[in-house]
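Peer 1: input.pdb is the file, holding PDB, C-alpha atoms:
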ATOM      1  CA  MET R 129       8.277  -0.081 -35.204  1.00  0.00           C
ATOM      2  CA  ALA R 130       6.002  -1.297 -37.982  1.00  0.00           C
ATOM      3  CA  ASP R 131       2.883  -3.218 -37.027  1.00  0.00           C
ATOM      4  CA  PRO R 132       3.438  -6.923 -37.801  1.00  0.00           C
ATOM      5  CA  ARG R 133      -0.202  -7.260 -38.945  1.00  0.00           C
ATOM      6  CA  GLN R 134      -0.075  -4.571 -41.646  1.00  0.00           C
ATOM      7  CA  PHE R 135       1.221  -5.413 -45.131  1.00  0.00           C
ATOM      8  CA  GLU R 136       1.564  -3.921 -48.584  1.00  0.00           C
ATOM      9  CA  VAL R 137      -0.145  -5.902 -51.375  1.00  0.00           C
ATOM     10  CA  ASP R 138       3.166  -7.075 -52.857  1.00  0.00           C
ATOM     11  CA  GLU R 139       4.129  -8.511 -49.455  1.00  0.00           C
ATOM     12  CA  ILE R 140       1.020 -10.683 -49.091  1.00  0.00           C
ATOM     13  CA  LEU R 141       1.101 -12.378 -52.468  1.00  0.00           C
ATOM     14  CA  ASN R 142       3.641 -14.969 -51.306  1.00  0.00           C
ATOM     15  CA  ARG R 143       2.518 -15.216 -47.675  1.00  0.00           C
ATOM     16  CA  PRO R 144      -0.486 -17.490 -46.994  1.00  0.00           C
ATOM     17  CA  GLY R 145      -3.209 -15.966 -44.856  1.00  0.00           C
ATOM     18  CA  SER R 146      -6.373 -13.872 -44.909  1.00  0.00           C
ATOM     19  CA  TYR R 147      -5.984 -10.136 -45.463  1.00  0.00           C
ATOM     20  CA  PHE R 148      -8.569  -7.335 -45.364  1.00  0.00           C
ATOM     21  CA  ASN R 149      -8.202  -3.861 -46.857  1.00  0.00           C
ATOM     22  CA  PRO R 150     -10.265  -1.458 -44.713  1.00  0.00           C
ATOM     23  CA  GLN R 151     -10.364   1.224 -47.436  1.00  0.00           C
ATOM     24  CA  THR R 152     -11.742  -1.047 -50.191  1.00  0.00           C
ATOM     25  CA  GLU R 153     -13.409  -3.605 -47.870  1.00  0.00           C
ATOM     26  CA  VAL R 154     -11.858  -6.415 -49.932  1.00  0.00           C
ATOM     27  CA  LEU R 155     -10.835  -9.694 -48.318  1.00  0.00           C
ATOM     28  CA  VAL R 156      -7.908 -11.512 -49.961  1.00  0.00           C
ATOM     29  CA  ILE R 157      -7.134 -15.115 -49.102  1.00  0.00           C
ATOM     30  CA  VAL R 158      -3.708 -16.381 -50.121  1.00  0.00           C
ATOM     31  CA  ASP R 159      -3.444 -20.177 -50.300  1.00  0.00           C
ATOM     32  CA  ASP R 160      -0.215 -21.671 -51.611  1.00  0.00           C
ATOM     33  CA  SER R 161      -1.260 -25.324 -51.240  1.00  0.00           C
ATOM     34  CA  PRO R 162      -2.892 -25.988 -54.658  1.00  0.00           C
ATOM     35  CA  GLU R 163      -0.790 -27.549 -57.371  1.00  0.00           C
ATOM     36  CA  LEU R 164      -1.529 -27.300 -61.079  1.00  0.00           C
ATOM     37  CA  ASP R 165       0.210 -28.918 -64.015  1.00  0.00           C
ATOM     38  CA  ALA R 166       2.832 -26.345 -65.069  1.00  0.00           C
ATOM     39  CA  GLU R 167       2.612 -27.513 -68.692  1.00  0.00           C
ATOM     40  CA  ILE R 168      -0.797 -25.840 -68.950  1.00  0.00           C
ATOM     41  CA  PHE R 169       0.838 -22.442 -68.468  1.00  0.00           C
ATOM     42  CA  ASN R 170       3.451 -23.042 -71.164  1.00  0.00           C
ATOM     43  CA  MET R 171       0.675 -22.559 -73.717  1.00  0.00           C
ATOM     44  CA  GLU R 172       0.885 -19.428 -75.871  1.00  0.00           C
ATOM     45  CA  GLU R 173      -2.466 -18.227 -74.501  1.00  0.00           C
ATOM     46  CA  PHE R 174      -1.003 -17.805 -70.992  1.00  0.00           C
ATOM     47  CA  GLU R 175       2.555 -16.831 -71.905  1.00  0.00           C
ATOM     48  CA  GLY R 176       3.789 -13.821 -69.909  1.00  0.00           C
ATOM     49  CA  ALA R 177       0.737 -13.696 -67.625  1.00  0.00           C
ATOM     50  CA  ASP R 178       1.341 -12.845 -63.963  1.00  0.00           C
ATOM     51  CA  TRP R 179      -2.078 -14.069 -62.867  1.00  0.00           C
ATOM     52  CA  VAL R 180      -4.664 -16.324 -64.517  1.00  0.00           C
ATOM     53  CA  LEU R 181      -8.336 -16.379 -63.455  1.00  0.00           C
ATOM     54  CA  ILE R 182      -9.154 -19.991 -62.624  1.00  0.00           C
ATOM     55  CA  SER R 183     -12.820 -19.433 -61.758  1.00  0.00           C
ATOM     56  CA  ASP R 184     -15.293 -16.707 -60.827  1.00  0.00           C
ATOM     57  CA  GLU R 185     -16.439 -18.903 -57.951  1.00  0.00           C
ATOM     58  CA  VAL R 186     -15.065 -18.216 -54.467  1.00  0.00           C
ATOM     59  CA  PRO R 187     -14.036 -21.543 -52.878  1.00  0.00           C
ATOM     60  CA  VAL R 188     -14.295 -20.310 -49.300  1.00  0.00           C
ATOM     61  CA  ASP R 189     -16.288 -21.696 -46.406  1.00  0.00           C
ATOM     62  CA  GLU R 190     -18.352 -18.569 -45.688  1.00  0.00           C
ATOM     63  CA  HIS R 191     -19.199 -19.666 -42.137  1.00  0.00           C
ATOM     64  CA  ARG R 192     -15.506 -20.152 -41.248  1.00  0.00           C
ATOM     65  CA  ARG R 193     -14.606 -16.845 -42.935  1.00  0.00           C
ATOM     66  CA  ASP R 194     -17.213 -15.018 -40.861  1.00  0.00           C
ATOM     67  CA  GLU R 195     -15.896 -16.679 -37.673  1.00  0.00           C
ATOM     68  CA  LEU R 196     -12.350 -15.485 -38.430  1.00  0.00           C
ATOM     69  CA  LEU R 197     -13.529 -11.927 -39.149  1.00  0.00           C
ATOM     70  CA  GLU R 198     -15.570 -11.845 -35.941  1.00  0.00           C
ATOM     71  CA  LYS R 199     -12.637 -13.184 -33.897  1.00  0.00           C
ATOM     72  CA  PHE R 200     -10.402 -10.457 -35.370  1.00  0.00           C
ATOM     73  CA  GLN R 201     -12.965  -7.739 -34.624  1.00  0.00           C
ATOM     74  CA  ILE R 202     -13.356  -8.862 -31.006  1.00  0.00           C
ATOM     75  CA  HIS R 203      -9.595  -8.988 -30.427  1.00  0.00           C
ATOM     76  CA  TYR R 204      -8.749  -5.730 -32.260  1.00  0.00           C
ATOM     77  CA  HIS R 205     -11.767  -3.561 -31.439  1.00  0.00           C
ATOM     78  CA  PRO R 206     -11.339   0.235 -31.871  1.00  0.00           C
ATOM     79  CA  GLY R 207      -9.693   1.956 -28.945  1.00  0.00           C
ATOM     80  CA  GLY R 208      -8.466  -1.267 -27.392  1.00  0.00           C
ATOM     81  CA  ALA R 209      -4.851  -1.903 -26.452  1.00  0.00           C
ATOM     82  CA  ASN R 210      -4.453  -4.112 -29.531  1.00  0.00           C
ATOM     83  CA  SER R 211      -6.288  -1.866 -32.004  1.00  0.00           C
ATOM     84  CA  ILE R 212      -4.564  -1.440 -35.331  1.00  0.00           C
ATOM     85  CA  THR R 213      -3.950   2.260 -35.886  1.00  0.00           C
ATOM     86  CA  ASP R 214      -1.153   4.447 -37.154  1.00  0.00           C
ATOM     87  CA  GLU R 215       0.942   5.168 -34.085  1.00  0.00           C
ATOM     88  CA  ASP R 216       2.328   8.296 -35.745  1.00  0.00           C
ATOM     89  CA  ASP R 217      -1.123   9.927 -35.891  1.00  0.00           C
ATOM     90  CA  GLU R 218      -1.381  12.637 -33.299  1.00  0.00           C
ATOM     91  CA  GLY R 219      -4.497  14.351 -34.605  1.00  0.00           C
ATOM     92  CA  PRO R 220      -6.637  14.928 -37.652  1.00  0.00           C
ATOM     93  CA  GLU R 221      -4.797  15.513 -40.923  1.00  0.00           C
ATOM     94  CA  ASP R 222      -6.860  18.632 -41.606  1.00  0.00           C
ATOM     95  CA  GLU R 223      -5.583  20.370 -38.468  1.00  0.00           C
ATOM     96  CA  LEU R 224      -3.730  23.591 -39.306  1.00  0.00           C
ATOM     97  CA  GLU R 225      -0.275  24.206 -37.919  1.00  0.00           C
ATOM     98  CA  GLU R 226       0.214  27.314 -35.825  1.00  0.00           C
ATOM     99  CA  ASP R 227       1.824  30.192 -37.725  1.00  0.00           C
ATOM    100  CA  HIS R 228       4.465  32.005 -35.639  1.00  0.00           C
ATOM    101  CA  GLN R 229       5.052  34.892 -38.074  1.00  0.00           C
ATOM    102  CA  GLU R 230       4.180  38.383 -37.003  1.00  0.00           C
ATOM    103  CA  ILE R 231       1.621  40.270 -39.055  1.00  0.00           C
ATOM    104  CA  GLY R 232       3.264  42.384 -41.749  1.00  0.00           C
ATOM    105  CA  ARG R 233       6.564  40.442 -41.629  1.00  0.00           C
ATOM    106  CA  GLU R 234       7.727  37.574 -43.767  1.00  0.00           C
TER     107      GLU R 234
END
What does the file become when written as structure tokens?
Peer 2:
Amino acid sequence: MADPRQFEVDEILNRPGSYFNPQTEVLVIVDDSPELDAEIFNMEEFEGADWVLISDEVPVDEHRRDELLEKFQIHYHPGGANSITDEDDEGPEDELEEDHQEIGRE
């Protein structure tokens, strides 16, 4: 069964929440509450754009963000019953499989 807390990037774009990518260490916050005048995006300059940069500023309460990250880390610490890991992993990927062929035979 898939972990309900793990998502692909295309799955999170329409689902509000805070998401963290452990490989890139990037935090993405999806907020669907803002409303903008749709007529702005009918302009030729924005025609066909999937995403438009509104600002380089990050409108996030850093203290609240840090609290949420800390709460997550406490609840899902490594090795705990709730830790987020691949359940299919049974050992390191570099581990060699045992070869059952006899020497000199194919």
Peer 1: Report, in Å with one decimal, the straight-line distance from CA of Asp160 (chain R) to CA of Ile202 (chain R).
Peer 2: 27.6 Å
Peer 1: If the PyMOL selection byres ((chain R and resi 188) around 12) is run on the structure shown, which residues does it catch, given as number ranges by chain?
Peer 2: R: 146, 155-159, 185-187, 189-194
Peer 1: Let me know the centre plus edge lengths, in Å and rounded to one decimal, of a box with edges along x, y and z that contains all listed atoms of region 184-201 of chain R and is padded by 3 Å on every side, as lines of an AutoDock Vina configuration file.
Peer 2:
center_x = -14.8
center_y = -14.7
center_z = -47.4
size_x = 14.8
size_y = 20.0
size_z = 32.9
